[in-house]
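Undergrad: One structure, pasted below without further comment.
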Amino acid sequence: MSEPTPGRRKRRTLSALRTFTSLSPLLRLLVLTQLAFNIGFFAVLPFLAEHLGTAIGMAGWLVGLVLGLRTFSQQGLFVVGGVLADRYGVRPVVLAGCVLRIAGFGWLGYAQSTGTVVAAVLLIGFAAALFSPAVESEVARQAVCREEAGEGPRTHVLALFTVAGQAGAFLGPFLGALLLGVDFRAVCLAGAGVFVLVLAGHAWLLPQHIPGRARTRSRGGLRRLVRNRGFLALCCAYGAYLLAYNQLYQLLPVEVARAAGSQAPLAWLFALSSLLVVTAQLPLTRWAGDRLDLRLSMAMGLLLISAGFAVVAAARPAGWTGTVGLLPVAGYVILLTLGQMLVAPAARAWVPDLAEDGRLGLYTGALSSVSGLIVLVGSAATGSLLDTGLPLAVPWLVLAAVPAAAVALLPRPAPTPPQPKTPSPRSPEGPRSKEGPPSP
């Protein structure tokens with residue numbers, strides 16, 4: 001692939017800005033919310049595994065379990081936040097989540113024992129289980145409304161949401177690395193400070209009631225959800241992706257420390273991932289929207305992720321160190337990120353088609369809850385593999401097989417209902433774009 005010229009980069013930036021400015025004020029606020037969430041979160045998370053292993057002295061399997069608990073308390077309990085958002089609205093759930101995240105980061109900064117670390121990590125995860133499904137479900141609902149109004153495909157909005165999150169993931173590790181020179185406590189307090197600002201901004205700007213969002217008080221949605229085979233299949237495939245993505249915080253730090261002698265290059269690898277998303281997410285989403293349906297987009301993404309793990313597994317027996325030793329993990333990060341850019345927007349865009357009316361928060365939360373359970377089990381298993389004395393290529397090979405196998409789980413999309421044809425100047429029944437009018 002040729003290097004993008006300055007002119008192309010400028011056009012991509014202008015395209016992203018035009019897409020952002022075309023959004024409603026509420027959607028712009030929610031996109032910026034994702035940016036702020038990830039700055040605070042990624043200032044802390046990339047350095048957590050090293051802190052647990054060195055400062056706290058946890059074994060590898062216990063570090064994996066704690067990281068899995070963090071993911072499960074977040075992703076696994078998304079269903080709780082989704083139900084609460086459906087019942088009480090977005091604003092109170094988001095504000096409560098911000099308060100809990102502030103408390104969790106502050107507690108983690110002072111935690112010294114395994115029990116207090118686990119409690120703080122669970123609180124941090126549960127905070128996101130409140131605010132993230134509320135924000136994500138409303139972004140998805142607003143994106144569908146824009147699509148139905150002829151203002152562009154929903155995937156464009158969801159891709160921009162992903163870009164904002166990755167921009168935060170790009171800035172956060174640099175903030176954390178800067179403060180890590182002081183100590184890990186300073187990193188945690190800085191993350192808490194970011195969420196103090198988020199809390200204040202949303203208390204001021206987030207509407208009390210969002211037009212068109214009806215609060216659902218009837219019961220029985222969970223029973224219908226567990227009978228929705230297509231949705232559960234999507235959850236399992238998405239869980240395989242999330243387990244693979246979680247290795248940025250489990251397997252990657254181990255391999256970086258082995259190859260470089262320290263975790264200093266870790267921030268640069270996170271920056272590489274974030275820059276790829278920020279610069280390439282929107283063009284890749286448009287390319288996929290023109291050529292791939294949601295299922296094929298997710299399948300291609302999962303296979304790219306599998307290839308990333310296979311690259312490190314193939315190179316690991318050589319035992320390279322230094323700059324050369326970092327090349328395989330750089331390839332892993334690139335392929336994982338490209339796969340993520342295909343999987344994440346497609347999965348989020350698919351949920352509204354599978355969800356019951358009025359239950360989008362529940363289904364958005366359940367998508368992450370099922371995948372969080374998969375990550376909890378998978379992270380502990382990966383940590384155990386690291387402690388067994390097996391060749392270090394084995395965990396990478398095992399993780400390469402997981403997303404590849406998940407391709408078979410993807411449900412078949414429901415057939416799209418026929419659309420009325422629009423006359424064109426060239427023929428009485430001209431061609432119709434499958435994505436609708438281009439976004440601004």
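Going through the structure tokens in order, the chains are called A, B, and so on, while each chain numbers its residues from 1 and the ligands are numbered from 1 in the order shown.
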Which residues, written as a VMD selection string, have at least one atom at most 10 Å from Leu335 in chain A, with only C-alpha atoms counted and residues fewer than 2 positions away on the same chain left out?

TA: chain A and resid 273 301 to 309 311 329 to 333 337 to 341

Undergrad: Output all heavy atoms for every residue in the selection just made, as a short mmCIF file (atom, residue, chain, number, x, y, z; two decimals), in the first residue's frame.

TA:
```cif
data_model
loop_
_atom_site.label_atom_id
_atom_site.label_comp_id
_atom_site.auth_asym_id
_atom_site.auth_seq_id
_atom_site.Cartn_x
_atom_site.Cartn_y
_atom_site.Cartn_z
N SER A 273 -1.53 1.89 17.02
CA SER A 273 -2.89 1.39 16.86
C SER A 273 -3.88 2.54 16.75
O SER A 273 -4.75 2.55 15.87
CB SER A 273 -3.24 0.48 18.03
OG SER A 273 -4.59 0.09 17.99
N GLY A 301 -12.54 -9.08 9.24
CA GLY A 301 -11.84 -8.52 10.39
C GLY A 301 -11.31 -9.59 11.33
O GLY A 301 -10.17 -9.51 11.81
N LEU A 302 -12.11 -10.60 11.60
CA LEU A 302 -11.67 -11.68 12.49
C LEU A 302 -10.48 -12.44 11.91
O LEU A 302 -9.56 -12.83 12.64
CB LEU A 302 -12.83 -12.64 12.76
CG LEU A 302 -13.95 -12.10 13.65
CD1 LEU A 302 -15.18 -13.01 13.59
CD2 LEU A 302 -13.47 -11.94 15.09
N LEU A 303 -10.47 -12.64 10.61
CA LEU A 303 -9.35 -13.34 9.98
C LEU A 303 -8.07 -12.50 10.02
O LEU A 303 -6.97 -13.03 10.19
CB LEU A 303 -9.70 -13.71 8.54
CG LEU A 303 -10.78 -14.80 8.41
CD1 LEU A 303 -11.13 -15.02 6.94
CD2 LEU A 303 -10.34 -16.11 9.05
N LEU A 304 -8.20 -11.19 9.88
CA LEU A 304 -7.03 -10.31 10.02
C LEU A 304 -6.46 -10.39 11.43
O LEU A 304 -5.24 -10.43 11.64
CB LEU A 304 -7.40 -8.88 9.67
CG LEU A 304 -7.56 -8.55 8.19
CD1 LEU A 304 -8.14 -7.14 8.02
CD2 LEU A 304 -6.22 -8.64 7.47
N ILE A 305 -7.34 -10.41 12.42
CA ILE A 305 -6.90 -10.50 13.81
C ILE A 305 -6.17 -11.82 14.04
O ILE A 305 -5.12 -11.88 14.68
CB ILE A 305 -8.11 -10.37 14.76
CG1 ILE A 305 -8.65 -8.94 14.70
CG2 ILE A 305 -7.74 -10.74 16.19
CD1 ILE A 305 -9.99 -8.76 15.40
N SER A 306 -6.72 -12.91 13.50
CA SER A 306 -6.07 -14.21 13.62
C SER A 306 -4.67 -14.18 13.00
O SER A 306 -3.71 -14.72 13.56
CB SER A 306 -6.94 -15.27 12.93
OG SER A 306 -6.31 -16.53 12.97
N ALA A 307 -4.55 -13.52 11.86
CA ALA A 307 -3.25 -13.44 11.20
C ALA A 307 -2.24 -12.68 12.05
O ALA A 307 -1.04 -13.00 12.06
CB ALA A 307 -3.40 -12.76 9.84
N GLY A 308 -2.71 -11.66 12.81
CA GLY A 308 -1.80 -10.91 13.67
C GLY A 308 -1.16 -11.79 14.74
O GLY A 308 0.06 -11.72 14.99
N PHE A 309 -1.95 -12.64 15.38
CA PHE A 309 -1.39 -13.56 16.37
C PHE A 309 -0.45 -14.56 15.71
O PHE A 309 0.58 -14.93 16.29
CB PHE A 309 -2.52 -14.30 17.09
CG PHE A 309 -3.26 -13.46 18.09
CD1 PHE A 309 -4.45 -12.85 17.77
CD2 PHE A 309 -2.75 -13.28 19.36
CE1 PHE A 309 -5.13 -12.07 18.70
CE2 PHE A 309 -3.41 -12.51 20.30
CZ PHE A 309 -4.61 -11.91 19.97
N VAL A 311 1.46 -14.13 13.18
CA VAL A 311 2.75 -13.49 12.87
C VAL A 311 3.71 -13.60 14.05
O VAL A 311 4.88 -13.98 13.90
CB VAL A 311 2.53 -12.01 12.48
CG1 VAL A 311 3.85 -11.25 12.48
CG2 VAL A 311 1.89 -11.92 11.09
N VAL A 329 5.59 -7.89 16.85
CA VAL A 329 4.49 -7.35 17.64
C VAL A 329 3.90 -6.10 16.98
O VAL A 329 2.71 -5.83 17.10
CB VAL A 329 4.91 -7.05 19.09
CG1 VAL A 329 5.19 -8.33 19.84
CG2 VAL A 329 6.10 -6.12 19.16
N ALA A 330 4.74 -5.36 16.24
CA ALA A 330 4.20 -4.23 15.49
C ALA A 330 3.26 -4.74 14.39
O ALA A 330 2.19 -4.16 14.15
CB ALA A 330 5.33 -3.41 14.87
N GLY A 331 3.64 -5.87 13.73
CA GLY A 331 2.75 -6.47 12.75
C GLY A 331 1.45 -6.95 13.38
O GLY A 331 0.37 -6.79 12.80
N TYR A 332 1.56 -7.52 14.57
CA TYR A 332 0.36 -7.96 15.31
C TYR A 332 -0.56 -6.77 15.59
O TYR A 332 -1.78 -6.86 15.38
CB TYR A 332 0.79 -8.64 16.60
CG TYR A 332 -0.24 -8.63 17.70
CD1 TYR A 332 -1.37 -9.43 17.65
CD2 TYR A 332 -0.09 -7.79 18.81
CE1 TYR A 332 -2.32 -9.41 18.65
CE2 TYR A 332 -1.03 -7.76 19.82
CZ TYR A 332 -2.14 -8.57 19.74
OH TYR A 332 -3.07 -8.53 20.74
N VAL A 333 0.00 -5.68 16.08
CA VAL A 333 -0.81 -4.50 16.41
C VAL A 333 -1.50 -3.96 15.16
O VAL A 333 -2.68 -3.60 15.19
CB VAL A 333 0.06 -3.43 17.07
CG1 VAL A 333 -0.69 -2.09 17.17
CG2 VAL A 333 0.50 -3.88 18.47
N THR A 337 -5.51 -4.09 14.67
CA THR A 337 -6.22 -2.83 14.52
C THR A 337 -7.05 -2.79 13.25
O THR A 337 -8.20 -2.32 13.25
CB THR A 337 -5.22 -1.66 14.54
OG1 THR A 337 -4.45 -1.74 15.74
CG2 THR A 337 -5.95 -0.32 14.50
N LEU A 338 -6.50 -3.30 12.15
CA LEU A 338 -7.28 -3.36 10.92
C LEU A 338 -8.51 -4.25 11.10
O LEU A 338 -9.61 -3.92 10.64
CB LEU A 338 -6.40 -3.90 9.78
CG LEU A 338 -5.30 -2.95 9.27
CD1 LEU A 338 -4.41 -3.68 8.27
CD2 LEU A 338 -5.90 -1.70 8.64
N GLY A 339 -8.32 -5.38 11.78
CA GLY A 339 -9.46 -6.24 12.06
C GLY A 339 -10.49 -5.56 12.93
O GLY A 339 -11.70 -5.66 12.69
N GLN A 340 -10.03 -4.85 13.96
CA GLN A 340 -10.93 -4.12 14.83
C GLN A 340 -11.76 -3.10 14.05
O GLN A 340 -12.96 -2.93 14.30
CB GLN A 340 -10.12 -3.42 15.92
CG GLN A 340 -10.93 -2.46 16.78
CD GLN A 340 -10.06 -1.44 17.48
OE1 GLN A 340 -8.83 -1.49 17.38
NE2 GLN A 340 -10.67 -0.53 18.19
N MET A 341 -11.13 -2.41 13.10
CA MET A 341 -11.82 -1.38 12.34
C MET A 341 -12.93 -1.95 11.47
O MET A 341 -13.89 -1.24 11.13
CB MET A 341 -10.81 -0.60 11.48
CG MET A 341 -9.92 0.33 12.28
SD MET A 341 -8.96 1.46 11.24
CE MET A 341 -7.71 0.37 10.59
#
```

Undergrad: Could you name the residues that touch range 199-202 of chain A at 7 Å or less, counting only C-alpha atoms, but leaving out those on the same chain fewer than 3 positions away, as a list in words?

TA: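 With the cut-off at 7 Å, the set is Leu95, Cys98, Phe195, Val196, Leu205 and Leu206 of chain A.
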
Undergrad: Would you please give, as a ChimeraX atom specification, all residues of range 223-261 of chain A that DSSP assigns to alpha helix (DSSP H) based on the backbone?

TA: /A:223-226,229-246,251-260

Undergrad: Rank nothing, just name the residue among A:Val343, A:Glu151, A:Gly361, A:Pro46 nearest to Leu292 in chain A, using only C-alpha atoms.

TA: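 Closest to Leu292 in chain A of all the choices is A:Val343.
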
Undergrad: Within 9 Å of Trp61 in chain A, counting only C-alpha atoms, which residues qualify if same-chain residues fewer than 2 places away don't, as a PDB file with N, CA, C and O atoms, in the first residue's frame?

TA:
```
ATOM      1  N   MET A  58       1.995  -9.967  41.994  1.00  0.00           N
ATOM      2  CA  MET A  58       1.052 -11.020  41.635  1.00  0.00           C
ATOM      3  C   MET A  58       1.682 -11.988  40.631  1.00  0.00           C
ATOM      4  O   MET A  58       2.495 -11.588  39.797  1.00  0.00           O
ATOM      5  N   ALA A  59       1.268 -13.254  40.709  1.00  0.00           N
ATOM      6  CA  ALA A  59       1.677 -14.252  39.716  1.00  0.00           C
ATOM      7  C   ALA A  59       0.992 -13.974  38.382  1.00  0.00           C
ATOM      8  O   ALA A  59      -0.009 -13.245  38.322  1.00  0.00           O
ATOM      9  N   VAL A  63      -2.552 -12.028  37.618  1.00  0.00           N
ATOM     10  CA  VAL A  63      -2.636 -10.804  36.815  1.00  0.00           C
ATOM     11  C   VAL A  63      -3.671 -10.991  35.708  1.00  0.00           C
ATOM     12  O   VAL A  63      -4.518 -10.114  35.466  1.00  0.00           O
ATOM     13  N   GLY A  64      -3.621 -12.149  35.033  1.00  0.00           N
ATOM     14  CA  GLY A  64      -4.607 -12.421  33.987  1.00  0.00           C
ATOM     15  C   GLY A  64      -6.017 -12.447  34.528  1.00  0.00           C
ATOM     16  O   GLY A  64      -6.949 -11.928  33.905  1.00  0.00           O
ATOM     17  N   LEU A  65      -6.186 -13.037  35.724  1.00  0.00           N
ATOM     18  CA  LEU A  65      -7.521 -13.094  36.318  1.00  0.00           C
ATOM     19  C   LEU A  65      -8.031 -11.701  36.670  1.00  0.00           C
ATOM     20  O   LEU A  65      -9.195 -11.377  36.435  1.00  0.00           O
ATOM     21  N   VAL A  66      -7.145 -10.854  37.243  1.00  0.00           N
ATOM     22  CA  VAL A  66      -7.561  -9.492  37.598  1.00  0.00           C
ATOM     23  C   VAL A  66      -7.940  -8.705  36.348  1.00  0.00           C
ATOM     24  O   VAL A  66      -8.952  -7.993  36.324  1.00  0.00           O
ATOM     25  N   SER A 379      -9.003 -14.914  29.471  1.00  0.00           N
ATOM     26  CA  SER A 379      -7.831 -14.230  30.023  1.00  0.00           C
ATOM     27  C   SER A 379      -7.165 -15.076  31.102  1.00  0.00           C
ATOM     28  O   SER A 379      -5.932 -15.154  31.177  1.00  0.00           O
ATOM     29  N   ALA A 380      -7.970 -15.709  31.967  1.00  0.00           N
ATOM     30  CA  ALA A 380      -7.393 -16.591  32.982  1.00  0.00           C
ATOM     31  C   ALA A 380      -6.681 -17.771  32.328  1.00  0.00           C
ATOM     32  O   ALA A 380      -5.591 -18.177  32.759  1.00  0.00           O
ATOM     33  N   ALA A 381      -7.271 -18.314  31.251  1.00  0.00           N
ATOM     34  CA  ALA A 381      -6.637 -19.431  30.546  1.00  0.00           C
ATOM     35  C   ALA A 381      -5.329 -18.987  29.897  1.00  0.00           C
ATOM     36  O   ALA A 381      -4.323 -19.713  29.926  1.00  0.00           O
ATOM     37  N   THR A 382      -5.320 -17.784  29.326  1.00  0.00           N
ATOM     38  CA  THR A 382      -4.087 -17.277  28.712  1.00  0.00           C
ATOM     39  C   THR A 382      -3.011 -17.069  29.761  1.00  0.00           C
ATOM     40  O   THR A 382      -1.836 -17.400  29.541  1.00  0.00           O
ATOM     41  N   GLY A 383      -3.381 -16.505  30.934  1.00  0.00           N
ATOM     42  CA  GLY A 383      -2.411 -16.347  32.006  1.00  0.00           C
ATOM     43  C   GLY A 383      -1.839 -17.676  32.467  1.00  0.00           C
ATOM     44  O   GLY A 383      -0.642 -17.793  32.760  1.00  0.00           O
ATOM     45  N   SER A 384      -2.685 -18.707  32.516  1.00  0.00           N
ATOM     46  CA  SER A 384      -2.212 -20.039  32.895  1.00  0.00           C
ATOM     47  C   SER A 384      -1.220 -20.581  31.874  1.00  0.00           C
ATOM     48  O   SER A 384      -0.217 -21.219  32.232  1.00  0.00           O
ATOM     49  N   LEU A 385      -1.480 -20.333  30.599  1.00  0.00           N
ATOM     50  CA  LEU A 385      -0.543 -20.778  29.559  1.00  0.00           C
ATOM     51  C   LEU A 385       0.818 -20.119  29.733  1.00  0.00           C
ATOM     52  O   LEU A 385       1.864 -20.743  29.481  1.00  0.00           O
ATOM     53  N   LEU A 386       0.824 -18.862  30.165  1.00  0.00           N
ATOM     54  CA  LEU A 386       2.095 -18.169  30.368  1.00  0.00           C
ATOM     55  C   LEU A 386       2.877 -18.757  31.545  1.00  0.00           C
ATOM     56  O   LEU A 386       4.102 -18.638  31.595  1.00  0.00           O
ATOM     57  N   ASP A 387       2.173 -19.354  32.513  1.00  0.00           N
ATOM     58  CA  ASP A 387       2.823 -19.885  33.713  1.00  0.00           C
ATOM     59  C   ASP A 387       3.225 -21.354  33.593  1.00  0.00           C
ATOM     60  O   ASP A 387       3.858 -21.884  34.493  1.00  0.00           O
TER      61      ASP A 387
END
```

Undergrad: Pick out the closest residue to Ala111 in chain A from this set: A:Trp396, A:Trp287, A:Phe184, A:Tyr245. Count only C-alpha atoms.

TA: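 Using only C-alpha atoms, Ala111 in chain A sits closest to A:Phe184.
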
Undergrad: For range 362-369 of chain A, work out the shell of residues within 9 Å, counting only C-alpha atoms and skipping chain neighbours fewer than 6 positions away, then give it as JSON, numbers by chain.

TA: {"A": [72, 73, 74, 75, 76, 77, 78, 79, 80, 81, 82, 83, 84, 85, 86, 129, 132, 133, 134, 136, 137, 221, 222, 225, 231, 232, 234, 235, 236, 238, 239, 242, 347, 348, 351, 352, 354, 355, 356]}

Undergrad: What does the structure give for the distance between CA of Gly125 in chain A and CA of Ala43 in chain A, in Å to one decimal?

TA: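 These two atoms are separated by 14.9 Å.
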
Undergrad: Report, in Å with one decimal, the straight-line distance from CA of Ala259 in chain A to CA of Leu327 in chain A.

TA: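 Computing the Euclidean distance for CA of Ala259 in chain A and CA of Leu327 in chain A yields 9.7 Å.
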
Undergrad: Kindly indicate which residue among A:Ala288, A:Pro317, A:Arg359, A:Leu243 lies nearest to Gly68 in chain A, using only C-alpha atoms for the distances.

TA: A:Leu243

Undergrad: Using only C-alpha atoms, which protein or nucleic acid residues come within 10 Å of range 48-52 of chain A? Drop anything in the same chain fewer than 3 positions from it, and give the result as a ChimeraX atom specification.

TA: /A:43-45,55-60,62-64,66-67,108,112-114,117,121,183-184,188,249-250,253-254,257,263

Undergrad: With N, CA, C and O atoms retained, write the just-selected residues as a compact mmCIF listing (two decimals), in the first residue's frame.

TA:
```txt
# COMPACT_ATOMS: atom_id res chain seq x y z
N ALA A 43 -5.07 6.28 30.10
CA ALA A 43 -3.95 6.82 30.88
C ALA A 43 -3.49 5.82 31.93
O ALA A 43 -2.35 5.85 32.38
N VAL A 44 -4.39 4.90 32.32
CA VAL A 44 -4.10 3.97 33.41
C VAL A 44 -3.92 2.53 32.92
O VAL A 44 -2.94 1.86 33.27
N LEU A 45 -4.84 2.03 32.08
CA LEU A 45 -4.91 0.60 31.81
C LEU A 45 -3.64 -0.01 31.21
O LEU A 45 -3.24 -1.10 31.62
N ALA A 55 4.99 -4.14 41.41
CA ALA A 55 4.73 -3.44 42.67
C ALA A 55 3.90 -4.27 43.64
O ALA A 55 4.16 -4.28 44.84
N ILE A 56 2.89 -5.00 43.12
CA ILE A 56 2.02 -5.80 43.99
C ILE A 56 2.55 -7.22 44.13
O ILE A 56 2.31 -7.89 45.12
N GLY A 57 3.30 -7.71 43.13
CA GLY A 57 3.90 -9.04 43.20
C GLY A 57 2.97 -10.18 42.88
O GLY A 57 3.13 -11.30 43.38
N MET A 58 1.99 -9.97 41.99
CA MET A 58 1.05 -11.02 41.64
C MET A 58 1.68 -11.99 40.63
O MET A 58 2.50 -11.59 39.80
N ALA A 59 1.27 -13.25 40.71
CA ALA A 59 1.68 -14.25 39.72
C ALA A 59 0.99 -13.97 38.38
O ALA A 59 -0.01 -13.24 38.32
N GLY A 60 1.53 -14.58 37.34
CA GLY A 60 1.00 -14.31 36.00
C GLY A 60 -0.47 -14.68 35.87
O GLY A 60 -1.26 -13.94 35.28
N LEU A 62 -2.68 -14.74 38.19
CA LEU A 62 -3.51 -13.82 38.97
C LEU A 62 -3.63 -12.47 38.26
O LEU A 62 -4.70 -11.84 38.30
N VAL A 63 -2.55 -12.03 37.62
CA VAL A 63 -2.64 -10.80 36.82
C VAL A 63 -3.67 -10.99 35.71
O VAL A 63 -4.52 -10.11 35.47
N GLY A 64 -3.62 -12.15 35.03
CA GLY A 64 -4.61 -12.42 33.99
C GLY A 64 -6.02 -12.45 34.53
O GLY A 64 -6.95 -11.93 33.90
N VAL A 66 -7.14 -10.85 37.24
CA VAL A 66 -7.56 -9.49 37.60
C VAL A 66 -7.94 -8.71 36.35
O VAL A 66 -8.95 -7.99 36.32
N LEU A 67 -7.14 -8.84 35.29
CA LEU A 67 -7.47 -8.15 34.04
C LEU A 67 -8.79 -8.67 33.48
O LEU A 67 -9.61 -7.91 32.95
N LEU A 108 -7.70 2.64 43.33
CA LEU A 108 -6.63 1.84 42.74
C LEU A 108 -5.26 2.47 43.00
O LEU A 108 -4.27 1.78 43.21
N GLN A 112 -2.89 -1.61 47.84
CA GLN A 112 -1.62 -2.32 47.97
C GLN A 112 -1.78 -3.83 48.09
O GLN A 112 -0.84 -4.57 47.82
N SER A 113 -2.94 -4.30 48.51
CA SER A 113 -3.16 -5.73 48.66
C SER A 113 -3.97 -6.25 47.49
O SER A 113 -4.63 -5.49 46.77
N THR A 114 -3.94 -7.58 47.33
CA THR A 114 -4.70 -8.19 46.23
C THR A 114 -6.19 -7.89 46.36
O THR A 114 -6.86 -7.57 45.37
N VAL A 117 -6.96 -4.24 45.42
CA VAL A 117 -6.78 -4.05 43.97
C VAL A 117 -7.98 -4.62 43.22
O VAL A 117 -8.53 -3.98 42.31
N VAL A 121 -10.54 -2.49 40.92
CA VAL A 121 -10.67 -2.84 39.50
C VAL A 121 -12.13 -3.16 39.16
O VAL A 121 -12.63 -2.77 38.09
N ASP A 183 4.85 8.19 39.80
CA ASP A 183 4.52 6.85 40.28
C ASP A 183 3.15 6.46 39.72
O ASP A 183 2.47 7.27 39.07
N PHE A 184 2.75 5.20 39.95
CA PHE A 184 1.49 4.71 39.42
C PHE A 184 0.31 5.43 40.05
O PHE A 184 -0.72 5.60 39.41
N CYS A 188 -3.09 7.12 38.27
CA CYS A 188 -4.49 6.86 38.63
C CYS A 188 -5.23 8.16 38.97
O CYS A 188 -6.38 8.34 38.57
N TYR A 249 -3.24 -5.94 26.50
CA TYR A 249 -2.91 -5.65 27.88
C TYR A 249 -2.36 -6.87 28.62
O TYR A 249 -1.96 -6.75 29.77
N GLN A 250 -2.35 -8.02 27.97
CA GLN A 250 -1.89 -9.23 28.64
C GLN A 250 -0.69 -9.85 27.93
O GLN A 250 0.41 -9.89 28.48
N PRO A 253 2.28 -6.86 26.51
CA PRO A 253 3.32 -6.35 27.43
C PRO A 253 4.41 -7.38 27.73
O PRO A 253 5.58 -7.03 27.87
N VAL A 254 4.04 -8.66 27.83
CA VAL A 254 5.03 -9.71 28.09
C VAL A 254 6.02 -9.81 26.94
O VAL A 254 7.25 -9.88 27.15
N ALA A 257 8.31 -6.65 26.75
CA ALA A 257 9.34 -6.67 27.78
C ALA A 257 10.44 -7.67 27.43
O ALA A 257 11.63 -7.43 27.68
N GLN A 263 9.11 -2.08 29.15
CA GLN A 263 7.83 -1.83 28.51
C GLN A 263 7.77 -0.43 27.90
O GLN A 263 6.69 0.04 27.53
```

Undergrad: Which of these, A:Val324, A:Ala401, A:Leu252, A:Val157, has the shortest distance to Ala346 in chain A once you count only C-alpha atoms?

TA: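 Checking each of A:Val324, A:Ala401, A:Leu252, A:Val157 against Ala346 in chain A, counting only C-alpha atoms, the winner is A:Val157.
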
Undergrad: Near range 158-172 of chain A, within 9 Å and counting only C-alpha atoms, which residues show up once chain neighbours fewer than 6 positions away are dropped, as a VMD selection string?

TA: chain A and resid 16 19 to 20 30 to 44 136 139 to 140 143 191 267 270 to 282 285 341 344 to 346 348 to 349
